[in-house]
>>> print(open('run_4.csv').read())   # CSV, C-alpha atoms
chain,number,residue,atom,x,y,z
A,1,ASN,CA,0.0,0.0,0.0
A,2,GLN,CA,2.9,2.4,0.6
A,3,PHE,CA,3.6,2.4,-3.1
A,4,ASP,CA,0.1,3.5,-3.9
A,5,ASP,CA,-0.5,7.3,-3.8
A,6,ARG,CA,-4.3,6.9,-3.6
A,7,SER,CA,-6.0,7.5,-0.2
A,8,VAL,CA,-6.9,4.6,2.0
A,9,LEU,CA,-10.6,5.2,1.4
A,10,ASP,CA,-10.0,5.1,-2.4
A,11,GLN,CA,-8.0,1.9,-2.1
A,12,VAL,CA,-10.7,0.2,0.1
A,13,GLY,CA,-13.4,1.6,-2.3
A,14,GLN,CA,-11.5,0.0,-5.2
A,15,ALA,CA,-11.2,-3.4,-3.4
A,16,GLY,CA,-14.9,-3.3,-2.4
A,17,ALA,CA,-15.9,-2.5,-6.0
A,18,GLN,CA,-13.8,-5.3,-7.4
A,19,TYR,CA,-15.3,-7.8,-4.9
A,20,LEU,CA,-18.8,-6.5,-5.7
A,21,ARG,CA,-18.3,-6.9,-9.4
A,22,GLU,CA,-17.3,-10.6,-8.9
A,23,ILE,CA,-20.3,-11.6,-6.9
A,24,VAL,CA,-23.3,-9.2,-7.5
A,25,THR,CA,-24.7,-11.0,-10.6
A,26,ARG,CA,-25.4,-14.1,-8.4
A,27,TYR,CA,-28.0,-12.3,-6.4
A,28,HIS,CA,-31.5,-11.0,-6.9
A,29,VAL,CA,-32.1,-8.2,-4.3
A,30,PHE,CA,-29.2,-6.0,-3.4
A,31,GLY,CA,-29.6,-3.8,-0.3
A,32,VAL,CA,-27.6,-0.7,0.4
A,33,THR,CA,-27.3,1.9,3.2
A,34,TRP,CA,-25.0,4.9,2.7
A,35,GLY,CA,-21.8,6.1,4.3
A,36,HIS,CA,-18.5,7.6,3.3
A,37,THR,CA,-16.8,4.3,2.7
A,38,VAL,CA,-19.8,2.9,0.7
A,39,TYR,CA,-19.7,6.1,-1.4
A,40,HIS,CA,-16.1,5.3,-2.3
A,41,VAL,CA,-17.0,1.7,-3.3
A,42,VAL,CA,-19.7,2.9,-5.6
A,43,LYS,CA,-17.5,5.7,-7.0
A,44,GLU,CA,-14.9,3.0,-8.0
A,45,LEU,CA,-17.4,0.6,-9.4
A,46,GLU,CA,-17.2,0.1,-13.2
A,47,PRO,CA,-20.7,-0.3,-14.9
A,48,LEU,CA,-21.9,-3.8,-15.4
A,49,GLU,CA,-25.1,-5.5,-16.5
A,50,ALA,CA,-26.6,-7.3,-13.5
A,51,ARG,CA,-29.8,-8.5,-15.1
A,52,ASN,CA,-32.8,-9.4,-12.9
A,53,LEU,CA,-31.2,-7.5,-10.0
A,54,SER,CA,-33.2,-5.1,-7.8
A,55,LEU,CA,-31.4,-2.5,-5.8
A,56,VAL,CA,-33.0,-1.3,-2.6
A,57,GLN,CA,-32.3,1.1,0.2
A,58,ILE,CA,-32.5,-0.8,3.5
A,59,GLY,CA,-32.9,2.4,5.6
A,60,GLY,CA,-33.9,6.1,5.3
A,61,GLY,CA,-31.5,8.8,4.1
A,62,LEU,CA,-28.4,9.8,6.1
A,63,GLY,CA,-28.1,13.3,4.7
A,64,THR,CA,-25.6,14.3,1.9
A,65,ILE,CA,-22.3,12.6,1.2
A,66,GLU,CA,-19.8,14.6,-0.9
A,67,GLY,CA,-22.7,16.9,-1.6
A,68,THR,CA,-25.0,14.2,-3.0
A,69,ASP,CA,-28.1,13.0,-1.3
A,70,ASN,CA,-28.7,9.3,-0.6
A,71,ASN,CA,-31.5,8.8,-3.1
A,72,MET,CA,-29.3,10.2,-5.9
A,73,LEU,CA,-26.5,7.9,-4.8
A,74,THR,CA,-28.9,4.9,-5.0
A,75,MET,CA,-30.0,6.0,-8.4
A,76,THR,CA,-26.4,6.3,-9.6
A,77,LEU,CA,-25.6,2.8,-8.3
A,78,GLY,CA,-28.7,1.4,-10.0
A,79,GLN,CA,-27.6,2.9,-13.3
A,80,LYS,CA,-24.1,1.4,-12.9
A,81,LEU,CA,-25.6,-2.0,-12.2
A,82,GLY,CA,-28.5,-1.8,-14.8
A,83,ALA,CA,-30.8,-2.5,-11.9
A,84,LYS,CA,-34.2,-1.0,-10.9
A,85,ALA,CA,-33.7,1.1,-7.7
A,86,TYR,CA,-36.2,1.2,-4.8
A,87,LEU,CA,-35.9,4.3,-2.6
A,88,ILE,CA,-37.0,5.4,0.9
A,89,PRO,CA,-38.1,9.0,0.6
A,90,ALA,CA,-37.6,9.7,4.3
A,91,PRO,CA,-34.7,10.3,6.8
A,92,VAL,CA,-33.2,7.4,8.7
A,93,ILE,CA,-34.2,8.9,12.1
A,94,VAL,CA,-37.3,11.0,12.6
A,95,ARG,CA,-38.4,13.3,15.5
A,96,ASN,CA,-40.7,10.8,17.3
A,97,ARG,CA,-42.4,7.5,17.1
A,98,ALA,CA,-45.7,8.9,15.9
A,99,LEU,CA,-44.1,10.4,12.8
A,100,ARG,CA,-42.3,7.2,12.1
A,101,ASN,CA,-45.5,5.2,12.3
A,102,THR,CA,-47.2,7.7,9.9
A,103,LEU,CA,-44.3,7.3,7.4
A,104,PHE,CA,-44.6,3.5,7.7
A,105,LYS,CA,-48.1,3.8,6.3
A,106,GLU,CA,-46.8,5.4,3.1
A,107,LYS,CA,-47.1,3.0,0.2
A,108,LYS,CA,-43.7,3.7,-1.3
A,109,ILE,CA,-41.9,3.2,2.1
A,110,GLN,CA,-43.9,0.0,2.7
A,111,GLU,CA,-43.0,-1.3,-0.7
A,112,THR,CA,-39.3,-0.5,-0.3
A,113,LEU,CA,-39.0,-2.0,3.2
A,114,GLY,CA,-40.9,-5.1,2.0
A,115,MET,CA,-38.3,-5.4,-0.8
A,116,ALA,CA,-35.4,-4.8,1.6
A,117,ARG,CA,-36.6,-7.8,3.7
A,118,LYS,CA,-36.1,-10.0,0.7
A,119,ALA,CA,-32.5,-8.9,0.1
A,120,ASP,CA,-29.9,-11.7,-0.3
A,121,LEU,CA,-27.0,-9.3,-0.6
A,122,VAL,CA,-26.3,-6.1,1.3
A,123,LEU,CA,-23.5,-3.5,1.4
A,124,PHE,CA,-23.1,-1.1,4.4
A,125,GLY,CA,-20.6,0.9,6.4
A,126,VAL,CA,-20.3,0.9,10.2
A,127,GLY,CA,-21.3,4.3,11.6
A,128,LEU,CA,-19.6,6.1,14.5
A,129,ILE,CA,-21.4,7.3,17.7
A,130,GLY,CA,-19.7,10.7,18.3
A,131,ALA,CA,-19.2,14.0,16.6
A,132,LYS,CA,-17.1,12.4,13.7
A,133,GLY,CA,-20.1,10.2,12.7
A,134,LEU,CA,-22.4,10.9,9.7
A,135,LEU,CA,-25.5,10.7,11.9
A,136,TRP,CA,-24.1,13.5,14.1
A,137,LYS,CA,-22.9,15.6,11.2
A,138,SER,CA,-26.3,15.2,9.4
A,139,GLY,CA,-28.1,16.4,12.6
A,140,PHE,CA,-29.8,13.1,13.5
A,141,LEU,CA,-28.2,12.9,17.0
A,142,SER,CA,-28.1,15.5,19.7
A,143,LYS,CA,-25.6,15.6,22.6
A,144,THR,CA,-28.2,14.0,24.8
A,145,ASP,CA,-28.7,11.1,22.3
A,146,THR,CA,-25.0,10.6,22.1
A,147,ALA,CA,-24.6,10.5,25.9
A,148,LYS,CA,-27.4,8.0,26.2
A,149,LEU,CA,-26.0,5.8,23.5
A,150,LYS,CA,-22.5,5.8,25.1
A,151,GLU,CA,-24.2,5.0,28.5
A,152,ALA,CA,-26.0,2.1,26.8
A,153,GLY,CA,-22.7,0.7,25.6
A,154,ALA,CA,-23.2,1.6,21.9
A,155,VAL,CA,-20.0,1.1,19.8
A,156,GLY,CA,-21.4,1.5,16.3
A,157,ALA,CA,-24.4,1.8,14.0
A,158,ILE,CA,-25.7,0.2,10.8
A,159,CYS,CA,-28.6,1.7,9.0
A,160,GLY,CA,-29.3,3.9,12.0
A,161,ARG,CA,-29.5,0.9,14.4
A,162,PHE,CA,-27.1,1.1,17.3
A,163,PHE,CA,-25.4,-1.9,18.8
A,164,ASP,CA,-23.0,-2.8,21.7
A,165,ALA,CA,-19.6,-4.6,21.8
A,166,ASN,CA,-21.4,-7.9,21.2
A,167,GLY,CA,-23.4,-6.7,18.3
A,168,ARG,CA,-26.6,-6.5,20.3
A,169,GLU,CA,-29.2,-3.7,19.8
A,170,CYS,CA,-29.1,-1.0,22.4
A,171,TRP,CA,-31.3,2.0,23.4
A,172,ASN,CA,-34.8,1.2,22.1
A,173,GLU,CA,-36.1,4.7,22.4
A,174,LEU,CA,-34.1,5.7,19.4
A,175,ASP,CA,-35.0,2.5,17.6
A,176,ASP,CA,-38.7,3.6,17.8
A,177,ARG,CA,-37.7,6.7,15.6
A,178,THR,CA,-35.7,4.8,13.0
A,179,ILE,CA,-36.8,3.9,9.5
A,180,GLY,CA,-35.1,0.9,8.1
A,181,LEU,CA,-34.4,-2.8,8.7
A,182,THR,CA,-33.8,-3.9,12.3
A,183,LEU,CA,-30.5,-5.6,13.2
A,184,ASP,CA,-32.4,-9.0,13.4
A,185,GLU,CA,-33.6,-8.5,9.9
A,186,LEU,CA,-30.1,-7.6,8.7
A,187,ARG,CA,-28.7,-10.7,10.3
A,188,LYS,CA,-31.1,-12.8,8.1
A,189,ILE,CA,-29.6,-11.5,4.9
A,190,LYS,CA,-27.4,-14.2,3.3
A,191,HIS,CA,-24.4,-12.1,2.2
A,192,LYS,CA,-23.5,-9.1,4.3
A,193,ILE,CA,-20.6,-6.9,3.1
A,194,GLY,CA,-19.3,-4.4,5.6
A,195,VAL,CA,-16.8,-1.7,4.6
A,196,GLY,CA,-14.9,0.5,7.0
A,197,VAL,CA,-11.4,1.8,7.8
A,198,GLY,CA,-9.6,3.6,10.7
A,199,GLN,CA,-8.8,3.2,14.4
A,200,GLU,CA,-12.0,4.9,15.4
A,201,LYS,CA,-14.1,2.2,13.6
A,202,VAL,CA,-12.4,-0.8,15.2
A,203,ASP,CA,-14.8,-1.0,18.2
A,204,GLY,CA,-17.8,-0.9,15.8
A,205,ILE,CA,-16.5,-3.3,13.3
A,206,PHE,CA,-15.5,-5.8,16.0
A,207,GLY,CA,-19.0,-5.5,17.6
A,208,ALA,CA,-20.6,-6.1,14.2
A,209,LEU,CA,-18.4,-9.2,13.6
A,210,LYS,CA,-19.2,-10.6,17.1
A,211,GLY,CA,-22.9,-10.0,16.5
A,212,LYS,CA,-22.9,-11.7,13.1
A,213,LEU,CA,-24.0,-8.5,11.5
A,214,LEU,CA,-21.5,-9.0,8.6
A,215,ASN,CA,-19.8,-12.0,7.0
A,216,VAL,CA,-17.5,-10.2,4.6
A,217,LEU,CA,-15.3,-7.2,5.7
A,218,VAL,CA,-13.5,-4.9,3.3
A,219,THR,CA,-10.9,-2.9,5.1
A,220,ASP,CA,-7.3,-1.8,5.1
A,221,GLU,CA,-4.2,-3.6,6.5
A,222,ASP,CA,-3.9,-1.5,9.6
A,223,THR,CA,-7.6,-1.8,10.7
A,224,ALA,CA,-7.4,-5.6,10.0
A,225,ALA,CA,-4.3,-5.9,12.2
A,226,ARG,CA,-6.1,-4.1,15.0
A,227,LEU,CA,-9.1,-6.4,14.7
A,228,LEU,CA,-7.0,-9.5,14.7
A,229,ALA,CA,-5.1,-8.3,17.8
A,230,ARG,CA,-8.4,-8.3,19.6
A,231,SER,CA,-9.4,-11.8,18.8
A,232,PRO,CA,-8.2,-14.3,21.5
A,233,SER,CA,-8.3,-17.0,18.9
A,234,ARG,CA,-9.0,-17.5,15.2
A,235,GLY,CA,-12.3,-19.0,16.1
A,236,GLU,CA,-13.8,-15.7,17.1
>>> encode(input="run_4.csv", output="structure tokens")
Amino acid sequence: NQFDDRSVLDQVGQAGAQYLREIVTRYHVFGVTWGHTVYHVVKELEPLEARNLSLVQIGGGLGTIEGTDNNMLTMTLGQKLGAKAYLIPAPVIVRNRALRNTLFKEKKIQETLGMARKADLVLFGVGLIGAKGLLWKSGFLSKTDTAKLKEAGAVGAICGRFFDANGRECWNELDDRTIGLTLDELRKIKHKIGVGVGQEKVDGIFGALKGKLLNVLVTDEDTAARLLARSPSRGE
């Protein structure tokens, strides 16, 4: 890697894109939730013809990434894959449970979440809890929310769903305001590709691995070494 002048994110994006190209045509419903690393995977992906593939957002929008909103990113990925894209025209976390329940009645959201539950392939990043995370930067989390999450033992988030060091869901109150697949629904997806890099992501990635929230990880050498150093044996 020291001989490559591309950023770590670009390199991981390229590796993720190559892997995706190799396997995506074997699947029928491809779920995605956005983040900076996922954005880099899609940016690096060369167009291909994945016939009979449906692309679906597995959660609401997480704000803009590199100046582009989530629905537009999903449409771009759909075009690259030659796949029909199903969108969720709502944010990933809303103000209260009543608003979430109202949005759940919207036909388009029902249709997309119904399709997301049929996904056999999914691509996602592992979100951070604090001020560096996309959920914070996009205004979905307050200081109070962050404090409560840390108190509950949260180490990471996937699709707006927070989990602890063992990959178990934590802090239900926020869950009641979230639009997207639950962690249990995510676990049921056959092929789960997680992407993430950096020391600050290690806790979250390790928790996701322990909780069986992903079965393929695309990362860099340094992050991989930190994860391996935490495993007491190869069996974990």
>>> closest_residue(input="run_4.csv", among="A:Leu128, A:Leu174, A:Val94, A:Leu134", to="Gln199 (chain A)", atoms="all atoms listed in the file")
A:Leu128
>>> residues_around(input="run_4.csv", residues="Asp203 (chain A)", least_positions_apart="4", cutoff="8 Å", atoms="all atoms listed in the file", output="PDB file with C-alpha atoms, in the coordinates of the input")
ATOM      1  CA  VAL A 155     -20.000   1.100  19.800  1.00  0.00           C
ATOM      2  CA  GLY A 156     -21.400   1.500  16.300  1.00  0.00           C
ATOM      3  CA  ALA A 165     -19.600  -4.600  21.800  1.00  0.00           C
ATOM      4  CA  GLY A 207     -19.000  -5.500  17.600  1.00  0.00           C
TER       5      GLY A 207
END
>>> residues_around(input="run_4.csv", residues="Glu22 (chain A)", least_positions_apart="3", cutoff="12 Å", atoms="all atoms listed in the file", output="list in words")
Ala15, Gly16, Ala17, Gln18, Tyr19, Thr25, Arg26, Tyr27, Leu45, Glu46, Leu48 and Ala50 of chain A
>>> closest_residue(input="run_4.csv", among="A:Asp175, A:Glu49, A:Glu111, A:Asp120", to="Lys188 (chain A)", atoms="all atoms listed in the file")
A:Asp120
>>> closest_residue(input="run_4.csv", among="A:Leu121, A:Leu217, A:Cys170, A:Ile205", to="Arg187 (chain A)", atoms="only C-alpha atoms")
A:Leu121
>>> residues_near_point(input="run_4.csv", point="(-40.2, -7.3, 3.2)", cutoff="12 Å", atoms="all atoms listed in the file", output="ChimeraX atom specification")
/A:29,31,56-58,109-120,180-182,185-186,188-189
>>> closest_residue(input="run_4.csv", among="A:Gly194, A:Gly67, A:Gly160, A:Gly153", to="Thr219 (chain A)", atoms="all atoms listed in the file")
A:Gly194
>>> closest_residue(input="run_4.csv", among="A:Ile129, A:Val202, A:Tyr39, A:Leu20", to="Ala225 (chain A)", atoms="all atoms listed in the file")
A:Val202
>>> atom_distance(input="run_4.csv", atom1="CA of Gly60 (chain A)", atom2="CA of Thr144 (chain A)")
21.8 Å
>>> closest_residue(input="run_4.csv", among="A:Ala224, A:Ala98, A:Leu214, A:Ala157", to="Val122 (chain A)", atoms="all atoms listed in the file")
A:Leu214
>>> residues_around(input="run_4.csv", residues="region 69-75 of chain A", least_positions_apart="4", cutoff="12 Å", atoms="all atoms listed in the file", output="ChimeraX atom specification")
/A:30-36,38-43,54-65,79-92,123,138
>>> atom_distance(input="run_4.csv", atom1="CA of Leu53 (chain A)", atom2="CA of Val216 (chain A)")
20.2 Å
>>> axis_aligned_box(input="run_4.csv", around="region 191-207 of chain A", padding_each_side="8 Å", output="lines of an AutoDock Vina configuration file")
center_x = -16.6
center_y = -3.6
center_z = 10.2
size_x = 31.6
size_y = 33.0
size_z = 32.0
